[in-house]
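J.: Sharing query22.cif below, mmCIF, C-alpha atoms, pLDDT in the B column; chains and numbers go by the auth columns:
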data_my_file
#
loop_
_atom_site.group_PDB
_atom_site.id
_atom_site.type_symbol
_atom_site.label_atom_id
_atom_site.label_comp_id
_atom_site.label_asym_id
_atom_site.label_seq_id
_atom_site.Cartn_x
_atom_site.Cartn_y
_atom_site.Cartn_z
_atom_site.B_iso_or_equiv
_atom_site.auth_seq_id
_atom_site.auth_asym_id
ATOM 1 C CA MET A 1 -12.326 -18.602 -7.323 54.00 153 U
ATOM 2 C CA ASN A 2 -12.677 -17.754 -3.637 59.00 154 U
ATOM 3 C CA PRO A 3 -13.277 -14.081 -2.837 65.00 155 U
ATOM 4 C CA ARG A 4 -10.372 -12.413 -1.080 64.00 156 U
ATOM 5 C CA PRO A 5 -10.941 -12.362 2.690 64.00 157 U
ATOM 6 C CA LYS A 6 -11.438 -8.904 4.213 66.00 158 U
ATOM 7 C CA PRO A 7 -8.593 -7.657 6.419 64.00 159 U
ATOM 8 C CA ASN A 8 -9.317 -7.775 10.117 69.00 160 U
ATOM 9 C CA PRO A 9 -8.045 -4.543 11.778 67.00 161 U
ATOM 10 C CA SER A 10 -7.745 -6.273 15.163 69.00 162 U
ATOM 11 C CA GLU A 11 -4.973 -8.442 13.686 76.00 163 U
ATOM 12 C CA TRP A 12 -2.902 -5.544 12.308 82.00 164 U
ATOM 13 C CA ARG A 13 0.583 -5.258 13.783 87.00 165 U
ATOM 14 C CA PRO A 14 1.692 -1.604 14.125 87.00 166 U
ATOM 15 C CA ILE A 15 4.498 -2.415 16.598 91.00 167 U
ATOM 16 C CA ALA A 16 5.999 -4.941 14.178 91.00 168 U
ATOM 17 C CA ALA A 17 5.781 -2.267 11.458 92.00 169 U
ATOM 18 C CA VAL A 18 7.734 0.211 13.594 94.00 170 U
ATOM 19 C CA CYS A 19 10.344 -2.501 14.304 94.00 171 U
ATOM 20 C CA GLY A 20 10.503 -3.178 10.543 93.00 172 U
ATOM 21 C CA TRP A 21 11.273 0.480 9.892 94.00 173 U
ATOM 22 C CA LEU A 22 13.900 0.674 12.672 95.00 174 U
ATOM 23 C CA VAL A 23 15.777 -2.344 11.294 95.00 175 U
ATOM 24 C CA PRO A 24 14.697 -3.928 7.981 95.00 176 U
ATOM 25 C CA GLY A 25 13.334 -7.440 8.569 94.00 177 U
ATOM 26 C CA LEU A 26 13.016 -7.009 12.344 95.00 178 U
ATOM 27 C CA GLY A 27 9.228 -6.774 12.041 94.00 179 U
ATOM 28 C CA HIS A 28 9.026 -10.287 10.597 94.00 180 U
ATOM 29 C CA ILE A 29 11.397 -11.593 13.289 94.00 181 U
ATOM 30 C CA VAL A 30 9.180 -10.018 15.977 93.00 182 U
ATOM 31 C CA ILE A 31 6.062 -11.813 14.670 92.00 183 U
ATOM 32 C CA GLY A 32 7.921 -15.130 14.668 91.00 184 U
ATOM 33 C CA GLU A 33 8.997 -15.411 11.022 92.00 185 U
ATOM 34 C CA LYS A 34 12.703 -15.453 11.807 94.00 186 U
ATOM 35 C CA LYS A 35 14.005 -16.969 8.552 95.00 187 U
ATOM 36 C CA ARG A 36 11.932 -14.623 6.377 95.00 188 U
ATOM 37 C CA GLY A 37 13.055 -11.651 8.460 95.00 189 U
ATOM 38 C CA LEU A 38 16.736 -12.538 8.219 96.00 190 U
ATOM 39 C CA ILE A 39 16.525 -12.971 4.424 96.00 191 U
ATOM 40 C CA ILE A 40 14.802 -9.583 4.065 96.00 192 U
ATOM 41 C CA MET A 41 17.342 -7.952 6.402 96.00 193 U
ATOM 42 C CA ALA A 42 20.291 -9.333 4.425 96.00 194 U
ATOM 43 C CA ALA A 43 18.813 -8.292 1.060 96.00 195 U
ATOM 44 C CA ILE A 44 17.769 -4.744 2.027 96.00 196 U
ATOM 45 C CA LEU A 45 20.812 -3.864 4.137 96.00 197 U
ATOM 46 C CA GLY A 46 23.056 -5.464 1.498 96.00 198 U
ATOM 47 C CA LEU A 47 21.496 -3.289 -1.211 96.00 199 U
ATOM 48 C CA PHE A 48 21.767 -0.144 0.929 95.00 200 U
ATOM 49 C CA VAL A 49 25.405 -0.756 1.908 95.00 201 U
ATOM 50 C CA ALA A 50 26.242 -1.567 -1.729 95.00 202 U
ATOM 51 C CA GLY A 51 24.736 1.800 -2.720 93.00 203 U
ATOM 52 C CA LEU A 52 26.880 3.574 -0.117 92.00 204 U
ATOM 53 C CA LEU A 53 29.985 1.698 -1.286 92.00 205 U
ATOM 54 C CA ILE A 54 29.387 2.508 -4.955 92.00 206 U
ATOM 55 C CA GLY A 55 28.371 6.156 -4.617 88.00 207 U
ATOM 56 C CA GLY A 56 29.890 7.013 -1.239 87.00 208 U
ATOM 57 C CA VAL A 57 27.974 8.497 1.699 86.00 209 U
ATOM 58 C CA GLU A 58 27.467 11.585 -0.470 84.00 210 U
ATOM 59 C CA VAL A 59 24.426 9.903 -2.123 86.00 211 U
ATOM 60 C CA ILE A 60 22.483 10.432 1.144 87.00 212 U
ATOM 61 C CA ASN A 61 21.455 14.022 0.685 83.00 213 U
ATOM 62 C CA SER A 62 18.200 15.655 1.693 80.00 214 U
ATOM 63 C CA HIS A 63 18.677 18.774 -0.437 77.00 215 U
ATOM 64 C CA VAL A 64 19.482 19.358 -4.098 71.00 216 U
ATOM 65 C CA ILE A 65 22.929 20.890 -4.534 63.00 217 U
ATOM 66 C CA GLN A 66 22.751 21.591 -8.247 61.00 218 U
ATOM 67 C CA PRO A 67 24.070 24.999 -9.160 54.00 219 U
ATOM 68 C CA GLY A 68 21.826 27.472 -10.831 58.00 220 U
ATOM 69 C CA PRO A 69 18.787 29.540 -9.916 60.00 221 U
ATOM 70 C CA GLY A 70 15.775 27.685 -8.564 59.00 222 U
ATOM 71 C CA HIS A 71 17.605 24.436 -7.781 59.00 223 U
ATOM 72 C CA ASP A 72 19.792 25.001 -4.743 60.00 224 U
ATOM 73 C CA GLY A 73 18.139 24.227 -1.409 66.00 225 U
ATOM 74 C CA LYS A 74 15.192 22.265 -2.812 77.00 226 U
ATOM 75 C CA TRP A 75 14.222 18.946 -1.243 81.00 227 U
ATOM 76 C CA ASN A 76 15.825 15.920 -2.854 83.00 228 U
ATOM 77 C CA LEU A 77 12.944 13.486 -3.485 87.00 229 U
ATOM 78 C CA TRP A 78 15.304 10.473 -3.513 89.00 230 U
ATOM 79 C CA PHE A 79 15.971 11.158 0.172 91.00 231 U
ATOM 80 C CA PHE A 80 12.341 10.406 1.065 92.00 232 U
ATOM 81 C CA ALA A 81 12.731 6.938 -0.468 92.00 233 U
ATOM 82 C CA GLN A 82 16.148 6.395 1.170 93.00 234 U
ATOM 83 C CA VAL A 83 14.855 7.281 4.627 92.00 235 U
ATOM 84 C CA MET A 84 12.387 4.376 4.467 93.00 236 U
ATOM 85 C CA VAL A 85 15.334 2.000 5.078 93.00 237 U
ATOM 86 C CA SER A 86 15.726 3.145 8.681 93.00 238 U
ATOM 87 C CA PRO A 87 15.726 6.322 10.787 93.00 239 U
ATOM 88 C CA ALA A 88 19.515 5.813 10.919 92.00 240 U
ATOM 89 C CA VAL A 89 19.594 7.454 7.470 90.00 241 U
ATOM 90 C CA PHE A 90 18.945 10.817 9.212 92.00 242 U
ATOM 91 C CA VAL A 91 22.130 10.233 11.238 91.00 243 U
ATOM 92 C CA LEU A 92 24.004 9.360 8.041 89.00 244 U
ATOM 93 C CA GLU A 93 22.866 12.636 6.518 88.00 245 U
ATOM 94 C CA VAL A 94 24.223 14.564 9.510 90.00 246 U
ATOM 95 C CA VAL A 95 27.530 12.669 9.209 88.00 247 U
ATOM 96 C CA ARG A 96 27.607 13.496 5.503 86.00 248 U
ATOM 97 C CA ASP A 97 27.082 17.211 6.213 86.00 249 U
ATOM 98 C CA LEU A 98 29.936 17.162 8.745 87.00 250 U
ATOM 99 C CA LEU A 99 32.245 15.460 6.239 85.00 251 U
ATOM 100 C CA VAL A 100 31.307 17.935 3.489 84.00 252 U
ATOM 101 C CA ASN A 101 32.111 20.839 5.812 85.00 253 U
ATOM 102 C CA GLU A 102 35.522 19.299 6.537 84.00 254 U
ATOM 103 C CA ASN A 103 36.133 18.657 2.800 81.00 255 U
ATOM 104 C CA LYS A 104 36.656 14.944 3.442 78.00 256 U
ATOM 105 C CA LEU A 105 34.235 13.654 0.818 78.00 257 U
ATOM 106 C CA THR A 106 35.022 12.900 -2.797 77.00 258 U
ATOM 107 C CA PRO A 107 31.898 13.534 -4.893 76.00 259 U
ATOM 108 C CA ALA A 108 30.600 10.721 -7.079 76.00 260 U
ATOM 109 C CA ILE A 109 30.254 11.609 -10.733 79.00 261 U
ATOM 110 C CA GLY A 110 27.770 10.774 -13.460 83.00 262 U
ATOM 111 C CA ARG A 111 26.342 7.288 -13.531 87.00 263 U
ATOM 112 C CA ILE A 112 28.077 6.202 -10.316 89.00 264 U
ATOM 113 C CA HIS A 113 26.210 8.894 -8.377 88.00 265 U
ATOM 114 C CA GLU A 114 22.950 7.833 -10.037 90.00 266 U
ATOM 115 C CA ILE A 115 23.485 4.122 -9.334 93.00 267 U
ATOM 116 C CA GLY A 116 24.451 4.744 -5.685 92.00 268 U
ATOM 117 C CA THR A 117 21.400 6.956 -5.180 92.00 269 U
ATOM 118 C CA LEU A 118 19.167 4.408 -6.924 94.00 270 U
ATOM 119 C CA TYR A 119 20.452 1.472 -4.821 95.00 271 U
ATOM 120 C CA CYS A 120 19.811 3.321 -1.542 95.00 272 U
ATOM 121 C CA ALA A 121 16.398 4.594 -2.682 95.00 273 U
ATOM 122 C CA MET A 122 15.355 1.150 -3.939 95.00 274 U
ATOM 123 C CA ALA A 123 16.360 -0.373 -0.575 96.00 275 U
ATOM 124 C CA GLY A 124 14.027 2.139 1.069 96.00 276 U
ATOM 125 C CA MET A 125 11.131 1.398 -1.291 96.00 277 U
ATOM 126 C CA LEU A 126 11.561 -2.347 -0.720 96.00 278 U
ATOM 127 C CA ASN A 127 11.523 -1.786 3.048 96.00 279 U
ATOM 128 C CA LEU A 128 8.276 0.181 2.679 96.00 280 U
ATOM 129 C CA LEU A 129 6.817 -2.892 0.934 96.00 281 U
ATOM 130 C CA VAL A 130 8.111 -5.094 3.779 95.00 282 U
ATOM 131 C CA VAL A 131 6.621 -2.801 6.454 95.00 283 U
ATOM 132 C CA ILE A 132 3.213 -2.822 4.710 94.00 284 U
ATOM 133 C CA ASP A 133 3.411 -6.632 4.459 94.00 285 U
ATOM 134 C CA VAL A 134 4.205 -7.092 8.152 93.00 286 U
ATOM 135 C CA VAL A 135 1.239 -4.921 9.202 91.00 287 U
ATOM 136 C CA TYR A 136 -1.279 -7.001 7.280 87.00 288 U
ATOM 137 C CA ARG A 137 0.443 -10.417 7.425 84.00 289 U
ATOM 138 C CA GLY A 138 -2.032 -12.872 8.885 68.00 290 U
ATOM 139 C CA SER A 139 -4.994 -10.477 8.895 64.00 291 U
ATOM 140 C CA THR A 140 -6.023 -11.216 5.279 57.00 292 U
ATOM 141 C CA ARG A 141 -5.023 -14.877 5.123 52.00 293 U
ATOM 142 C CA LYS A 142 -6.997 -17.853 6.314 50.00 294 U
ATOM 143 C CA ALA A 143 -5.075 -20.281 8.504 47.00 295 U
ATOM 144 C CA GLU A 144 -3.878 -23.206 6.416 50.00 296 U
ATOM 145 C CA PRO A 145 -4.951 -26.613 7.709 51.00 297 U
ATOM 146 C CA ALA A 146 -2.032 -28.315 9.384 53.00 298 U
ATOM 147 C CA GLU A 147 -0.674 -31.528 7.897 58.00 299 U
ATOM 148 C CA PRO A 148 -1.770 -34.517 10.027 60.00 300 U
ATOM 149 C CA THR A 149 1.172 -36.012 11.868 61.00 301 U
ATOM 150 C CA GLU A 150 1.993 -39.711 11.756 64.00 302 U
ATOM 151 C CA SER A 151 0.956 -40.233 15.364 60.00 303 U
ATOM 152 C CA ALA A 152 -2.358 -38.505 14.694 59.00 304 U
ATOM 153 C CA LEU A 153 -2.996 -40.773 11.702 60.00 305 U
ATOM 154 C CA GLN A 154 -2.158 -43.858 13.780 62.00 306 U
ATOM 155 C CA GLY A 155 -4.505 -42.636 16.488 60.00 307 U
ATOM 156 C CA ARG A 156 -7.237 -42.303 13.880 58.00 308 U
ATOM 157 C CA ILE A 157 -6.638 -45.918 12.708 57.00 309 U
ATOM 158 C CA VAL A 158 -6.734 -47.220 16.289 55.00 310 U
ATOM 159 C CA THR A 159 -9.986 -45.331 16.922 56.00 311 U
ATOM 160 C CA ARG A 160 -11.543 -46.836 13.789 58.00 312 U
ATOM 161 C CA GLU A 161 -10.455 -50.351 14.816 60.00 313 U
ATOM 162 C CA ASN A 162 -11.968 -49.829 18.265 59.00 314 U
ATOM 163 C CA ALA A 163 -15.195 -48.590 16.712 57.00 315 U
ATOM 164 C CA SER A 164 -15.485 -51.654 14.479 54.00 316 U
ATOM 165 C CA MET B 1 40.718 0.195 11.866 72.00 55 Y
ATOM 166 C CA THR B 2 37.227 1.683 12.300 74.00 56 Y
ATOM 167 C CA ARG B 3 38.382 4.891 10.587 71.00 57 Y
ATOM 168 C CA ALA B 4 39.772 2.900 7.651 74.00 58 Y
ATOM 169 C CA LEU B 5 36.541 0.906 7.412 76.00 59 Y
ATOM 170 C CA ALA B 6 34.447 4.084 7.457 75.00 60 Y
ATOM 171 C CA GLY B 7 36.791 5.602 4.883 77.00 61 Y
ATOM 172 C CA ILE B 8 35.635 3.208 2.168 80.00 62 Y
ATOM 173 C CA PHE B 9 32.231 4.904 2.324 81.00 63 Y
ATOM 174 C CA PHE B 10 33.742 8.385 1.850 81.00 64 Y
ATOM 175 C CA GLU B 11 35.070 7.739 -1.643 82.00 65 Y
ATOM 176 C CA PRO B 12 32.833 6.545 -4.479 85.00 66 Y
ATOM 177 C CA ILE B 13 34.043 3.798 -6.792 86.00 67 Y
ATOM 178 C CA ASN B 14 34.227 6.033 -9.862 80.00 68 Y
ATOM 179 C CA GLY B 15 36.185 3.304 -11.665 83.00 69 Y
ATOM 180 C CA LEU B 16 32.924 1.376 -12.111 85.00 70 Y
ATOM 181 C CA GLU B 17 31.630 4.046 -14.520 85.00 71 Y
ATOM 182 C CA PRO B 18 32.307 1.994 -17.721 87.00 72 Y
ATOM 183 C CA TYR B 19 30.463 -1.015 -16.255 88.00 73 Y
ATOM 184 C CA TRP B 20 27.475 0.843 -14.808 88.00 74 Y
ATOM 185 C CA MET B 21 24.992 -1.173 -16.848 89.00 75 Y
ATOM 186 C CA TRP B 22 26.049 -4.430 -15.114 92.00 76 Y
ATOM 187 C CA LEU B 23 25.123 -2.900 -11.767 92.00 77 Y
ATOM 188 C CA ILE B 24 21.461 -3.388 -12.749 93.00 78 Y
ATOM 189 C CA VAL B 25 21.844 -7.165 -12.172 95.00 79 Y
ATOM 190 C CA PRO B 26 22.480 -7.090 -8.375 95.00 80 Y
ATOM 191 C CA LEU B 27 19.738 -4.468 -8.051 95.00 81 Y
ATOM 192 C CA ALA B 28 17.275 -6.754 -9.862 96.00 82 Y
ATOM 193 C CA ALA B 29 18.448 -9.702 -7.727 96.00 83 Y
ATOM 194 C CA ALA B 30 17.803 -7.816 -4.470 96.00 84 Y
ATOM 195 C CA ILE B 31 14.342 -6.751 -5.661 96.00 85 Y
ATOM 196 C CA ALA B 32 13.557 -10.373 -6.629 97.00 86 Y
ATOM 197 C CA VAL B 33 14.767 -11.798 -3.285 97.00 87 Y
ATOM 198 C CA VAL B 34 12.724 -9.353 -1.188 96.00 88 Y
ATOM 199 C CA TYR B 35 9.601 -9.747 -3.351 96.00 89 Y
ATOM 200 C CA LYS B 36 9.759 -13.541 -3.299 96.00 90 Y
ATOM 201 C CA ALA B 37 10.580 -13.621 0.437 95.00 91 Y
ATOM 202 C CA LEU B 38 7.276 -11.819 0.996 95.00 92 Y
ATOM 203 C CA LYS B 39 5.218 -13.831 -1.492 94.00 93 Y
ATOM 204 C CA LEU B 40 6.386 -17.428 -1.007 93.00 94 Y
ATOM 205 C CA ALA B 41 4.818 -19.548 1.719 90.00 95 Y
ATOM 206 C CA ASP B 42 7.627 -22.108 1.421 90.00 96 Y
ATOM 207 C CA LEU B 43 11.035 -20.405 1.574 91.00 97 Y
ATOM 208 C CA ASN B 44 12.845 -23.539 0.332 93.00 98 Y
ATOM 209 C CA LYS B 45 11.983 -22.447 -3.219 93.00 99 Y
ATOM 210 C CA LEU B 46 13.380 -18.941 -2.653 95.00 100 Y
ATOM 211 C CA VAL B 47 16.682 -19.343 -4.526 96.00 101 Y
ATOM 212 C CA TYR B 48 15.093 -20.810 -7.666 96.00 102 Y
ATOM 213 C CA GLU B 49 12.157 -18.378 -7.732 96.00 103 Y
ATOM 214 C CA SER B 50 14.395 -15.343 -7.074 96.00 104 Y
ATOM 215 C CA ALA B 51 16.829 -16.370 -9.815 97.00 105 Y
ATOM 216 C CA ARG B 52 13.935 -16.785 -12.243 97.00 106 Y
ATOM 217 C CA LEU B 53 12.438 -13.386 -11.359 97.00 107 Y
ATOM 218 C CA THR B 54 15.877 -11.739 -11.659 97.00 108 Y
ATOM 219 C CA LEU B 55 16.232 -13.119 -15.182 97.00 109 Y
ATOM 220 C CA VAL B 56 12.728 -11.932 -16.093 97.00 110 Y
ATOM 221 C CA ILE B 57 13.398 -8.391 -14.777 97.00 111 Y
ATOM 222 C CA VAL B 58 16.756 -8.123 -16.584 96.00 112 Y
ATOM 223 C CA ALA B 59 15.294 -9.561 -19.813 97.00 113 Y
ATOM 224 C CA PHE B 60 12.374 -7.104 -19.799 96.00 114 Y
ATOM 225 C CA MET B 61 14.682 -4.156 -19.043 95.00 115 Y
ATOM 226 C CA ALA B 62 16.948 -5.212 -21.920 95.00 116 Y
ATOM 227 C CA ALA B 63 13.926 -5.542 -24.223 97.00 117 Y
ATOM 228 C CA ALA B 64 12.664 -2.105 -23.148 96.00 118 Y
ATOM 229 C CA ALA B 65 16.126 -0.646 -23.791 94.00 119 Y
ATOM 230 C CA VAL B 66 16.227 -2.135 -27.298 96.00 120 Y
ATOM 231 C CA VAL B 67 12.742 -0.838 -28.134 97.00 121 Y
ATOM 232 C CA LEU B 68 13.506 2.658 -26.777 96.00 122 Y
ATOM 233 C CA PHE B 69 16.820 2.725 -28.646 94.00 123 Y
ATOM 234 C CA ALA B 70 14.995 1.810 -31.870 95.00 124 Y
ATOM 235 C CA VAL B 71 12.360 4.517 -31.283 95.00 125 Y
ATOM 236 C CA VAL B 72 14.999 7.175 -30.582 95.00 126 Y
ATOM 237 C CA GLU B 73 17.014 6.134 -33.651 93.00 127 Y
ATOM 238 C CA ALA B 74 13.897 6.214 -35.832 92.00 128 Y
ATOM 239 C CA PHE B 75 12.861 9.699 -34.707 91.00 129 Y
ATOM 240 C CA THR B 76 16.287 11.332 -34.659 88.00 130 Y
ATOM 241 C CA ARG B 77 17.393 10.311 -38.166 78.00 131 Y
#
The structure in this file should be written as structure tokens.
T.:
Amino acid sequence: MNPRPKPNPSEWRPIAAVCGWLVPGLGHIVIGEKKRGLIIMAAILGLFVAGLLIGGVEVINSHVIQPGPGHDGKWNLWFFAQVMVSPAVFVLEVVRDLLVNENKLTPAIGRIHEIGTLYCAMAGMLNLLVVIDVVYRGSTRKAEPAEPTESALQGRIVTRENAS
Amino acid sequence: MTRALAGIFFEPINGLEPYWMWLIVPLAAAIAVVYKALKLADLNKLVYESARLTLVIVAFMAAAAVVLFAVVEAFTR
């Protein structure tokens, strides 16, 4: 078994990583892997929007709102995972606060709140994986030898005939 | 129009409560698609590989649920 090649820091792609955080999948599109990027974008944004549909925008919440001493005002750890989808989640949280103040939101209950929160958080964790992948993509992999084209093979045959 | 579209995100679908367990399947599918999109060199195999991984995830979660249910039943009786 071949030893794993060491990553080469000069080939890391921090700008692609930032793009990948701004819009899921954009990092892969920026480095030229358009199809891969579009698939990732569809899957992660689809999961996030599904979470918002199921649980409502109320699932994006940076602080615990459970009643009782010691709970209210604490950081909601799910929010840290959700915010990995995109910085736009911060804007969503502001929108949510405005809607709560205007009493326009219906709270999700029980499992539906849990599933909505989980969907959005899982979308964020998957995007973190994608961002890490786009930073190191190419730096730890050896270039695969390209398949010889038909014209190249014909050229090789002609060269051999000339040599003989 | 935009207000009506935004409105669907204000109200949760609380009617899905009895079917919450089925919502694990699309979650597992999304995880499988993203994981395989990162791992596969040839994306033509993506649909097959993602479907297979989705089945594996759901099967293992079901198995874990059965085992945990059995453990809880054994210790609470």
J.: For chain Y, work out the contacting residues on chain U at 8 Å, counting all atoms listed in the file, and write them as a list in words.
T.: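 So the residues of chain U near chain Y are Arg188, Ile191, Ile192, Ala195, Ile196, Leu199, Leu204, Leu205, Ile206, Gly207, Gly208, Val209, Glu210, Lys256, Leu257, Thr258, Pro259, Ala260, Ile261, Gly262, Arg263, Ile264, Ile267, Tyr271, Leu278, Val282 and Asp285 of chain U.
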J.: Expand the PyMOL selection byres ((chain U and resi 283) around 12) into the explicit residue set it covers here, and present it as a short mmCIF file (atom, residue, chain, number, x, y, z; two decimals) with C-alpha atoms, keeping the file's coordinate frame.
T.:
data_model
loop_
_atom_site.label_atom_id
_atom_site.label_comp_id
_atom_site.auth_asym_id
_atom_site.auth_seq_id
_atom_site.Cartn_x
_atom_site.Cartn_y
_atom_site.Cartn_z
CA TRP U 164 -2.90 -5.54 12.31
CA ARG U 165 0.58 -5.26 13.78
CA PRO U 166 1.69 -1.60 14.12
CA ILE U 167 4.50 -2.42 16.60
CA ALA U 168 6.00 -4.94 14.18
CA ALA U 169 5.78 -2.27 11.46
CA VAL U 170 7.73 0.21 13.59
CA CYS U 171 10.34 -2.50 14.30
CA GLY U 172 10.50 -3.18 10.54
CA TRP U 173 11.27 0.48 9.89
CA LEU U 174 13.90 0.67 12.67
CA VAL U 175 15.78 -2.34 11.29
CA PRO U 176 14.70 -3.93 7.98
CA GLY U 177 13.33 -7.44 8.57
CA LEU U 178 13.02 -7.01 12.34
CA GLY U 179 9.23 -6.77 12.04
CA HIS U 180 9.03 -10.29 10.60
CA GLY U 189 13.06 -11.65 8.46
CA ILE U 192 14.80 -9.58 4.07
CA MET U 193 17.34 -7.95 6.40
CA MET U 236 12.39 4.38 4.47
CA VAL U 237 15.33 2.00 5.08
CA SER U 238 15.73 3.14 8.68
CA GLY U 276 14.03 2.14 1.07
CA MET U 277 11.13 1.40 -1.29
CA LEU U 278 11.56 -2.35 -0.72
CA ASN U 279 11.52 -1.79 3.05
CA LEU U 280 8.28 0.18 2.68
CA LEU U 281 6.82 -2.89 0.93
CA VAL U 282 8.11 -5.09 3.78
CA ILE U 284 3.21 -2.82 4.71
CA ASP U 285 3.41 -6.63 4.46
CA VAL U 286 4.20 -7.09 8.15
CA VAL U 287 1.24 -4.92 9.20
CA TYR U 288 -1.28 -7.00 7.28
CA ARG U 289 0.44 -10.42 7.42
CA VAL Y 88 12.72 -9.35 -1.19
CA LEU Y 92 7.28 -11.82 1.00
#
J.: Name every residue that the PyMOL selection byres ((chain U and resi 232) around 12) selects in this structure, writing the answer as a list in words with chains first and numbers rising.
T.: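 Applying the expression gives Ile212, Asn213, Ser214, His215, Trp227, Asn228, Leu229, Trp230, Phe231, Ala233, Gln234, Val235, Met236, Val237, Ser238, Pro239, Val241, Phe242, Thr269, Cys272, Ala273, Met274, Ala275, Gly276, Met277 and Leu280 of chain U.
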J.: May I ask for the distance between atom CA of U:Gly184 and atom CA of U:Phe200, given in Å to one decimal place?
T.: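 Going from atom CA of U:Gly184 over to atom CA of U:Phe200 covers 24.6 Å.
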J.: I'd like the interatomic distance between atom CA of Y:Phe114 and atom CA of U:Leu190, to a tenth of an Å.
T.: 28.9 Å
J.: Quick one: what's the axis-aligned box for stretch 111-126 of chain Y, all listed atoms, 5 Å on every side, centre and edges in Å to one decimal, as JSON?
T.:
{"center_x": 14.7, "center_y": -1.2, "center_z": -23.3, "size_x": 14.6, "size_y": 26.7, "size_z": 27.1}
J.: Between atom CA of U:Ile181 and atom CA of U:Gly198, measure the distance and give it in Å to one decimal.
T.: 17.7 Å
